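Asks: Mind having a look at this structure? Questions to follow.
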Number of protein chains: 2
Amino acid sequence: MLDLTELEQLTTFADTGTLSMAAEKLHISQPTITRTMQHLEETFGVSLFVRGKNKIMLNDTGLKAVEQARQLLSAADNALKTVKAFDKSLHTITISSCAPAPLWYVLPALSSAYPDMTIASSIKNVPAIYEDLDSEFCQLAILPHNIQYDHYVNIPFLKENLSVCVAASHALSDKSSVTFSDLNGFNFLLGSEIGFWDEMCRVRMPASRFLVQTNQFEFEELVRESSLPCFTTNLAKDSQNLLADRIKIPVTDPDANVTYYLACHSQLISYAEVLKRIDVNDIKE
Amino acid sequence: MLDLTELEQLTTFADTGTLSMAAEKLHISQPTITRTMQHLEETFGVSLFVRGKNKIMLNDTGLKAVEQARQLLSAADNALKTVKAFDKSLHTITISSCAPAPLWYVLPALSSAYPDMTIASSIKNVPAIYEDLDSEFCQLAILPHNIQYDHYVNIPFLKENLSVCVAASHALSDKSSVTFSDLNGFNFLLGSEIGFWDEMCRVRMPASRFLVQTNQFEFEELVRESSLPCFTTNLAKDSQNLLADRIKIPVTDPDANVTYYLACHSQLISYAEVLKRIDVNDIKE
DNA sequence: TGATCTTACGTTTAGCGTAACAATA
DNA sequence: TATTGTTACGCTAAACGTAAGATCA
């Protein structure tokens with residue numbers, strides 16, 4: 001039976017060229033490597049080296065053995081990772097979302113439905129979410145459109161409607177609705193970690209500049225103290241009444257009014273079932 | 001680092017269902033298996049079993065680990081075989097031939113050109129020889145036609161011309177040449193191990209019957225003592241003058257007059273080069 | 001009671017490192 | 001003389017088997 005530890009010594013020898021350097025690299029003594037190389041020849045049943053009085057080199061068979069050893073070591077590493085990842089997948093629900101708002105509803109719902117599970121979530125752009133689905137890195141995806149993926153269920157979830165929040169003194173304050181082209185050119189306060197909204201703002205309002213605030217406290221302070229317009233949505237919770245003094249004007253463009261879709265492997269449809277039952281009003285008080 | 005011996009115990013446990021039976025199968029004690037399973041869980045860093053007071057079963061992760069273990073063990077086995085086979089291929093020349101005659105010239109020539117090499121040869125039908133080339137089981141192939149194989153050289157080698165040997169009293173004895181259709185219906189003595197000639201005889205003379213002699217001595221005895229026609233070729237050595245009393249009539253059909261082609265990997269063209277220099281007359285005395 | 005798994009214990013062995021040796025550049 | 005690979009020697013730690021214990025059918 002091959003021993004992977006021995007094979008690792010073999011590949012290290014192949015990498016370094018001398019037994020001494022391999023020994024140093026692996027933090028073991030040379031005699032150990034010497035013995036291992038001898039033992040490997042026994043195991044393979046063939047000669048792997050050409051030996052001089054005080055030098056040793058791989059022969060053609062040895063090179064072949066190194067090639068096989070590398071493959072095997074990498075396969076072993078993969079096996080280990082595969083099992084660990086599988087185990088993790090049994091104990092964690094990983095969610096990749098295109099925007100933060102759906103997570104405000106999804107995370108508490110999943111936590112209470114699966115109290116023993118670890119819930120991991122991240123906000124990513126849409127292509128990255130597709131990669132996560134492909135690699136099965138995430139079990140649940142939240143996308144701003146529906147998808148057709150084999151073996152995946154795909155259900156409409158929440159609707160999010162964008163509004164702009166302007167001060168009463170603002171040029172647009174008397175409008176009852178606006179479009180991105182109305183807004184294009186104005187500068188805005190923007191939160192970070194807002195998912196695909198960020199890109200949408202930059203694409204649809206290319207003449208605008210966006211003051212992205214990484215820190216939540218600073219963002220709120222600026223909303224309070226400045227007259228810079230910002231955005232809100234029907235899903236946003238304004239628990240501090242930050243926007244009380246502002247006028248909320250709906251943005252009517254179709255892509256400013258998003259339906260989120262939940263995608264998950266059909267084997268894991270129970271996750272989606274749990275989330276279907278979410279009543280938005282339960283949470284949004 | 002994973003230990004293949006431990007993985008083997010894991011798969012054996014998966015196969016047998018109990019630690020005791022696995023231990024028995026592997027000729028080790030149960031406590032050893034118990035400890036190994038515990039150690040495997042440490043190595044993987046995850047739990048692989050559900051344990052009762054006196055029972056143990058694989059959990060889902062455990063099943064996944066078994067799956068990975070099987071793949072890894074089989075990969076390790078393949079690696080071992082690959083290296084051994086490679087080493088063997090460096091020390092042996094394996095030849096697959098469609099007929100015996102070319103080997104009479106090829107084997108001595110290779111033996112003297114490569115005295116340190118083991119020369120292994122076998123006579124096979126043509127499809128099997130193609131498989132040998134594909135799998136690189138043989139380094140040298142002798143076929144009754146040329147082939148177009150990537151990275152293979154393919155050179156014409158010997159010509160073999162079939163004649164039928166009949167007694168003077170035979171109905172065909174006054175003919176200066178014959179075709180298979182002339183011969184069809186007569187019965188023949190045939191040696192065994194004559195490669196593709198055997199099939200050719202049966203295909204081209206379907207009405208004939210062939211008395212195949214496995215034993216060389218018995219074959220010669222029958223040639224001497226019977227008047228049954230048999231075959232010879234320009235390459236056959238009749239050292240005992242067995243055919244002295246018989247009349248040799250060439251068979252004129254194109255497929256009874258074969259050109260053998262030597263095929264070998266272009267990296268091993270030196271083998272073919274050695275054989276190109278064979279002078280048939282050197283050997284056929 | 002027989003079968004199963006785990007733990008405990010004592011022994012063995014196999015692997016390791018240090019040291020000594022031989023050979024090279 | 002410094003470096004490299006092999007061999008010898010002694011020790012340690014890990015692995016094994018036997019035995020004992022616990023639980024279940």
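Ordering of the structure tokens sets the chain letters (A, B, ...), residue numbers begin anew at 1 in every chain, and ligands are numbered from 1 in the order given.
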Run DSSP on the backbone and tell me which residues of range 48-135 of chain A come out as alpha helix (DSSP H); list them as a PyMOL selection string.

Replies: chain A and resi 60-91+101-113+126-134

Asks: Keeping only N, CA and C atoms, write those residues as a compact mmCIF listing (two decimals), in the first residue's frame.

Replies:
```txt
# COMPACT_ATOMS: atom_id res chain seq x y z
N ASP A 60 14.09 7.44 -15.18
CA ASP A 60 12.84 7.68 -15.93
C ASP A 60 11.63 7.16 -15.17
N THR A 61 11.79 5.96 -14.59
CA THR A 61 10.68 5.42 -13.81
C THR A 61 10.38 6.31 -12.61
N GLY A 62 11.45 6.82 -12.00
CA GLY A 62 11.29 7.73 -10.86
C GLY A 62 10.49 8.96 -11.24
N LEU A 63 10.80 9.51 -12.41
CA LEU A 63 10.05 10.69 -12.86
C LEU A 63 8.58 10.36 -13.03
N LYS A 64 8.35 9.16 -13.58
CA LYS A 64 6.97 8.72 -13.73
C LYS A 64 6.30 8.61 -12.37
N ALA A 65 7.02 8.06 -11.42
CA ALA A 65 6.47 7.89 -10.07
C ALA A 65 6.15 9.25 -9.46
N VAL A 66 7.03 10.22 -9.67
CA VAL A 66 6.80 11.57 -9.14
C VAL A 66 5.50 12.14 -9.74
N GLU A 67 5.37 11.96 -11.03
CA GLU A 67 4.16 12.44 -11.72
C GLU A 67 2.92 11.83 -11.07
N GLN A 68 2.96 10.52 -10.88
CA GLN A 68 1.82 9.84 -10.26
C GLN A 68 1.62 10.31 -8.82
N ALA A 69 2.72 10.52 -8.13
CA ALA A 69 2.63 10.94 -6.73
C ALA A 69 1.94 12.30 -6.65
N ARG A 70 2.32 13.20 -7.53
CA ARG A 70 1.71 14.53 -7.50
C ARG A 70 0.20 14.42 -7.71
N GLN A 71 -0.17 13.61 -8.70
CA GLN A 71 -1.60 13.44 -8.97
C GLN A 71 -2.32 12.90 -7.74
N LEU A 72 -1.70 11.91 -7.13
CA LEU A 72 -2.33 11.25 -6.01
C LEU A 72 -2.46 12.19 -4.82
N LEU A 73 -1.42 12.96 -4.57
CA LEU A 73 -1.45 13.89 -3.45
C LEU A 73 -2.52 14.94 -3.66
N SER A 74 -2.61 15.39 -4.89
CA SER A 74 -3.63 16.40 -5.15
C SER A 74 -5.03 15.79 -5.04
N ALA A 75 -5.16 14.54 -5.48
CA ALA A 75 -6.44 13.86 -5.34
C ALA A 75 -6.81 13.69 -3.87
N ALA A 76 -5.82 13.36 -3.07
CA ALA A 76 -6.07 13.17 -1.64
C ALA A 76 -6.50 14.48 -1.00
N ASP A 77 -5.82 15.54 -1.40
CA ASP A 77 -6.17 16.84 -0.87
C ASP A 77 -7.61 17.21 -1.24
N ASN A 78 -7.94 16.93 -2.48
CA ASN A 78 -9.31 17.20 -2.93
C ASN A 78 -10.32 16.40 -2.14
N ALA A 79 -9.99 15.13 -1.92
CA ALA A 79 -10.91 14.25 -1.19
C ALA A 79 -11.19 14.83 0.19
N LEU A 80 -10.12 15.24 0.85
CA LEU A 80 -10.25 15.83 2.18
C LEU A 80 -11.15 17.06 2.13
N LYS A 81 -10.88 17.92 1.18
CA LYS A 81 -11.67 19.14 1.08
C LYS A 81 -13.12 18.84 0.73
N THR A 82 -13.30 17.87 -0.14
CA THR A 82 -14.65 17.51 -0.55
C THR A 82 -15.48 17.07 0.64
N VAL A 83 -14.89 16.20 1.45
CA VAL A 83 -15.62 15.68 2.61
C VAL A 83 -15.92 16.81 3.60
N LYS A 84 -14.91 17.64 3.85
CA LYS A 84 -15.12 18.76 4.77
C LYS A 84 -16.22 19.68 4.26
N ALA A 85 -16.15 19.97 2.96
CA ALA A 85 -17.14 20.88 2.37
C ALA A 85 -18.53 20.26 2.45
N PHE A 86 -18.59 18.96 2.19
CA PHE A 86 -19.89 18.29 2.25
C PHE A 86 -20.47 18.37 3.65
N ASP A 87 -19.61 18.10 4.64
CA ASP A 87 -20.08 18.16 6.01
C ASP A 87 -20.56 19.57 6.37
N LYS A 88 -19.77 20.53 5.90
CA LYS A 88 -20.17 21.91 6.19
C LYS A 88 -21.53 22.21 5.56
N SER A 89 -21.70 21.71 4.33
CA SER A 89 -22.96 21.99 3.63
C SER A 89 -24.15 21.38 4.35
N LEU A 90 -23.89 20.32 5.12
CA LEU A 90 -24.98 19.71 5.88
C LEU A 90 -25.37 20.55 7.09
N HIS A 91 -24.45 21.37 7.53
CA HIS A 91 -24.68 22.11 8.78
C HIS A 91 -24.83 23.61 8.58
N ALA A 101 -31.72 43.84 1.19
CA ALA A 101 -33.07 43.83 1.74
C ALA A 101 -33.66 42.42 1.90
N PRO A 102 -33.55 41.57 0.89
CA PRO A 102 -34.17 40.24 1.08
C PRO A 102 -33.58 39.50 2.26
N LEU A 103 -32.29 39.75 2.55
CA LEU A 103 -31.65 39.05 3.66
C LEU A 103 -32.27 39.43 4.99
N TRP A 104 -32.78 40.66 5.10
CA TRP A 104 -33.38 41.07 6.37
C TRP A 104 -34.56 40.18 6.74
N TYR A 105 -35.17 39.59 5.73
CA TYR A 105 -36.32 38.72 5.96
C TYR A 105 -35.91 37.25 5.97
N VAL A 106 -34.94 36.95 5.09
CA VAL A 106 -34.55 35.55 4.93
C VAL A 106 -33.79 35.04 6.14
N LEU A 107 -32.85 35.83 6.62
CA LEU A 107 -31.97 35.32 7.68
C LEU A 107 -32.72 34.99 8.96
N PRO A 108 -33.57 35.88 9.46
CA PRO A 108 -34.31 35.51 10.68
C PRO A 108 -35.22 34.31 10.48
N ALA A 109 -35.85 34.25 9.31
CA ALA A 109 -36.76 33.13 9.04
C ALA A 109 -36.02 31.80 9.04
N LEU A 110 -34.85 31.77 8.38
CA LEU A 110 -34.09 30.53 8.34
C LEU A 110 -33.53 30.19 9.71
N SER A 111 -33.06 31.18 10.42
CA SER A 111 -32.50 30.93 11.75
C SER A 111 -33.51 30.27 12.65
N SER A 112 -34.76 30.75 12.60
CA SER A 112 -35.74 30.17 13.51
C SER A 112 -36.24 28.83 12.99
N ALA A 113 -36.25 28.66 11.67
CA ALA A 113 -36.71 27.37 11.14
C ALA A 113 -35.64 26.30 11.30
N VAL A 126 -24.34 39.77 -9.59
CA VAL A 126 -25.10 38.66 -10.17
C VAL A 126 -24.20 37.58 -10.77
N PRO A 127 -23.18 37.93 -11.55
CA PRO A 127 -22.35 36.85 -12.10
C PRO A 127 -21.72 35.99 -11.01
N ALA A 128 -21.30 36.61 -9.92
CA ALA A 128 -20.70 35.84 -8.83
C ALA A 128 -21.71 34.89 -8.21
N ILE A 129 -22.96 35.31 -8.19
CA ILE A 129 -24.00 34.45 -7.63
C ILE A 129 -24.22 33.22 -8.52
N TYR A 130 -24.16 33.45 -9.83
CA TYR A 130 -24.27 32.30 -10.74
C TYR A 130 -23.12 31.33 -10.50
N GLU A 131 -21.95 31.86 -10.27
CA GLU A 131 -20.80 30.98 -9.98
C GLU A 131 -21.04 30.20 -8.69
N ASP A 132 -21.58 30.88 -7.71
CA ASP A 132 -21.86 30.20 -6.44
C ASP A 132 -22.87 29.07 -6.63
N LEU A 133 -23.86 29.30 -7.48
CA LEU A 133 -24.83 28.24 -7.76
C LEU A 133 -24.14 27.08 -8.48
N ASP A 134 -23.35 27.41 -9.47
CA ASP A 134 -22.67 26.36 -10.25
C ASP A 134 -21.78 25.51 -9.36
```

Asks: List as a ChimeraX atom specification the protein and nucleic acid residues near DC9 in chain D, meaning an atom at most 12 Å away when only C-alpha atoms (C1' of nucleotides) are counted, but skip any in the same chain fewer than 5 places from it.

Replies: /C:16-20

Asks: Would you tabulate, counting only C-alpha atoms (C1' of nucleotides), all residues of chain A that have an atom at most 9 Å from an atom of chain C, showing the closest pair of atoms and their distance in Å to one decimal, sorted by chain then ascending number, as JSON lines?

Replies:
```
{"residue": "A:Ile28", "atom": "CA", "partner": "C:DG17", "partner_atom": "C1'", "distance": 8.5}
{"residue": "A:Ser29", "atom": "CA", "partner": "C:DG17", "partner_atom": "C1'", "distance": 6.8}
{"residue": "A:Pro31", "atom": "CA", "partner": "C:DG17", "partner_atom": "C1'", "distance": 8.4}
{"residue": "A:Thr32", "atom": "CA", "partner": "C:DC16", "partner_atom": "C1'", "distance": 7.1}
{"residue": "A:Lys53", "atom": "CA", "partner": "C:DA23", "partner_atom": "C1'", "distance": 5.8}
{"residue": "A:Asn54", "atom": "CA", "partner": "C:DA23", "partner_atom": "C1'", "distance": 5.8}
{"residue": "A:Lys55", "atom": "CA", "partner": "C:DT24", "partner_atom": "C1'", "distance": 8.7}
```

Asks: Find the nearest atom pair between each residue of chain D and chain B for residues within 9 Å, count only C-alpha atoms (C1' of nucleotides), give distances in Å to one decimal, sort rows by chain and ascending number, and present the table as JSON lines.

Replies:
```
{"residue": "D:DA15", "atom": "C1'", "partner": "B:Thr32", "partner_atom": "CA", "distance": 8.4}
{"residue": "D:DC16", "atom": "C1'", "partner": "B:Thr32", "partner_atom": "CA", "distance": 7.1}
{"residue": "D:DG17", "atom": "C1'", "partner": "B:Ser29", "partner_atom": "CA", "distance": 6.8}
{"residue": "D:DA22", "atom": "C1'", "partner": "B:Lys53", "partner_atom": "CA", "distance": 7.9}
{"residue": "D:DT23", "atom": "C1'", "partner": "B:Asn54", "partner_atom": "CA", "distance": 5.7}
{"residue": "D:DC24", "atom": "C1'", "partner": "B:Asn54", "partner_atom": "CA", "distance": 6.8}
```

Asks: Would you save the residues from that selection as a short mmCIF file (atom, residue, chain, number, x, y, z; two decimals), in the first residue's frame, using N, CA and C atoms (P, O5', C5', C4', C3', O3' and C1' of nucleotides)?

Replies:
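Saved file part_29.cif follows:
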```
data_model
loop_
_atom_site.label_atom_id
_atom_site.label_comp_id
_atom_site.auth_asym_id
_atom_site.auth_seq_id
_atom_site.Cartn_x
_atom_site.Cartn_y
_atom_site.Cartn_z
P DA D 15 -0.12 5.74 14.69
"O5'" DA D 15 -0.38 4.20 14.37
"C5'" DA D 15 0.70 3.38 13.94
"C4'" DA D 15 0.56 2.00 14.56
"C3'" DA D 15 -0.89 1.49 14.65
"O3'" DA D 15 -1.01 0.28 13.95
"C1'" DA D 15 0.28 1.11 16.66
P DC D 16 -2.40 -0.35 13.64
"O5'" DC D 16 -2.27 -1.82 14.21
"C5'" DC D 16 -0.99 -2.47 14.22
"C4'" DC D 16 -0.92 -3.41 15.41
"C3'" DC D 16 -2.23 -4.11 15.71
"O3'" DC D 16 -2.20 -5.44 15.24
"C1'" DC D 16 -1.12 -3.33 17.71
P DG D 17 -3.53 -6.30 15.28
"O5'" DG D 17 -3.42 -7.07 16.67
"C5'" DG D 17 -2.22 -7.76 16.99
"C4'" DG D 17 -2.30 -8.32 18.39
"C3'" DG D 17 -3.60 -9.08 18.68
"O3'" DG D 17 -3.31 -10.25 19.44
"C1'" DG D 17 -3.37 -7.27 20.21
P DA D 22 -18.51 -1.71 33.29
"O5'" DA D 22 -19.35 -1.41 31.98
"C5'" DA D 22 -18.95 -0.34 31.11
"C4'" DA D 22 -19.90 -0.28 29.93
"C3'" DA D 22 -21.37 -0.49 30.29
"O3'" DA D 22 -22.14 0.50 29.62
"C1'" DA D 22 -20.71 -2.02 28.61
P DT D 23 -23.65 0.68 30.04
"O5'" DT D 23 -24.40 0.12 28.76
"C5'" DT D 23 -24.04 0.64 27.46
"C4'" DT D 23 -24.59 -0.28 26.40
"C3'" DT D 23 -26.07 -0.65 26.56
"O3'" DT D 23 -26.78 -0.12 25.46
"C1'" DT D 23 -24.75 -2.52 25.93
P DC D 24 -28.35 0.00 25.51
"O5'" DC D 24 -28.75 -1.16 24.50
"C5'" DC D 24 -28.26 -1.09 23.15
"C4'" DC D 24 -28.32 -2.46 22.50
"C3'" DC D 24 -29.73 -3.10 22.44
"O3'" DC D 24 -30.05 -3.37 21.09
"C1'" DC D 24 -28.08 -4.66 23.15
#
```

Asks: Which residue out of B:Phe49, B:Phe231, B:Tyr260, B:Phe180 has the minimum interatomic distance to chain A when only C-alpha atoms are used?

Replies: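 Once distances to chain A are computed over only C-alpha atoms, the minimum belongs to B:Phe49.
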
Asks: Which is closest to chain A among B:Asn59, B:Ser163, B:Thr233, B:Thr179, if we use only C-alpha atoms?

Replies: B:Asn59

Asks: Tell me which of A:Cys98, A:Met21, A:Val258, A:Cys165 sits closest to Glu193 in chain A, counting only C-alpha atoms.

Replies: A:Cys98

Asks: Residues within 9 Å of Ser177 in chain B, please, as a PyMOL selection string. Count only C-alpha atoms (C1' of nucleotides); anything in the same chain fewer than 6 positions from it doesn't count.

Replies: chain B and resi 163+248-252

Asks: Determine, counting only C-alpha atoms (C1' of nucleotides), which protein, DNA and RNA residues have an atom within 9 Å of an atom of range 142-153 of chain B; residues of the same chain fewer than 3 positions away are not included. Present the result as a PDB file with C-alpha atoms, in the first residue's frame.

Replies:
```
ATOM      1  CA  ILE B  95       5.442  -7.313 -29.989  1.00  0.00           C
ATOM      2  CA  SER B  96       2.002  -8.219 -31.238  1.00  0.00           C
ATOM      3  CA  SER B  97       2.021  -9.938 -34.575  1.00  0.00           C
ATOM      4  CA  CYS B  98      -0.736 -11.059 -36.876  1.00  0.00           C
ATOM      5  CA  ALA B  99       1.294 -14.061 -38.010  1.00  0.00           C
ATOM      6  CA  PRO B 102       7.649 -12.181 -39.214  1.00  0.00           C
ATOM      7  CA  LEU B 103       8.520 -13.050 -35.626  1.00  0.00           C
ATOM      8  CA  VAL B 126      -5.835  -7.836 -36.100  1.00  0.00           C
ATOM      9  CA  ILE B 129      -3.383  -5.790 -32.180  1.00  0.00           C
ATOM     10  CA  PRO B 156       6.700  -2.223 -45.071  1.00  0.00           C
ATOM     11  CA  PHE B 157       8.654  -5.181 -43.843  1.00  0.00           C
ATOM     12  CA  PHE B 196      -4.616 -14.258 -39.466  1.00  0.00           C
ATOM     13  CA  VAL B 258       0.852 -10.454 -47.962  1.00  0.00           C
ATOM     14  CA  THR B 259       3.134  -7.537 -47.224  1.00  0.00           C
ATOM     15  CA  TYR B 260       3.721  -7.215 -43.497  1.00  0.00           C
ATOM     16  CA  TYR B 261       3.995  -3.773 -42.034  1.00  0.00           C
ATOM     17  CA  LEU B 262       5.840  -2.859 -38.912  1.00  0.00           C
ATOM     18  CA  ALA B 263       4.133  -0.243 -36.725  1.00  0.00           C
ATOM     19  CA  CYS B 264       5.708   1.381 -33.725  1.00  0.00           C
ATOM     20  CA  HIS B 265       5.541   4.657 -31.879  1.00  0.00           C
ATOM     21  CA  SER B 266       7.683   7.265 -33.553  1.00  0.00           C
ATOM     22  CA  GLN B 267       9.621   7.681 -30.289  1.00  0.00           C
ATOM     23  CA  LEU B 268      10.677   4.059 -30.611  1.00  0.00           C
ATOM     24  CA  ILE B 269      11.672   4.248 -34.238  1.00  0.00           C
ATOM     25  CA  ALA B 272      12.037  -0.331 -36.574  1.00  0.00           C
TER      26      ALA B 272
END
```
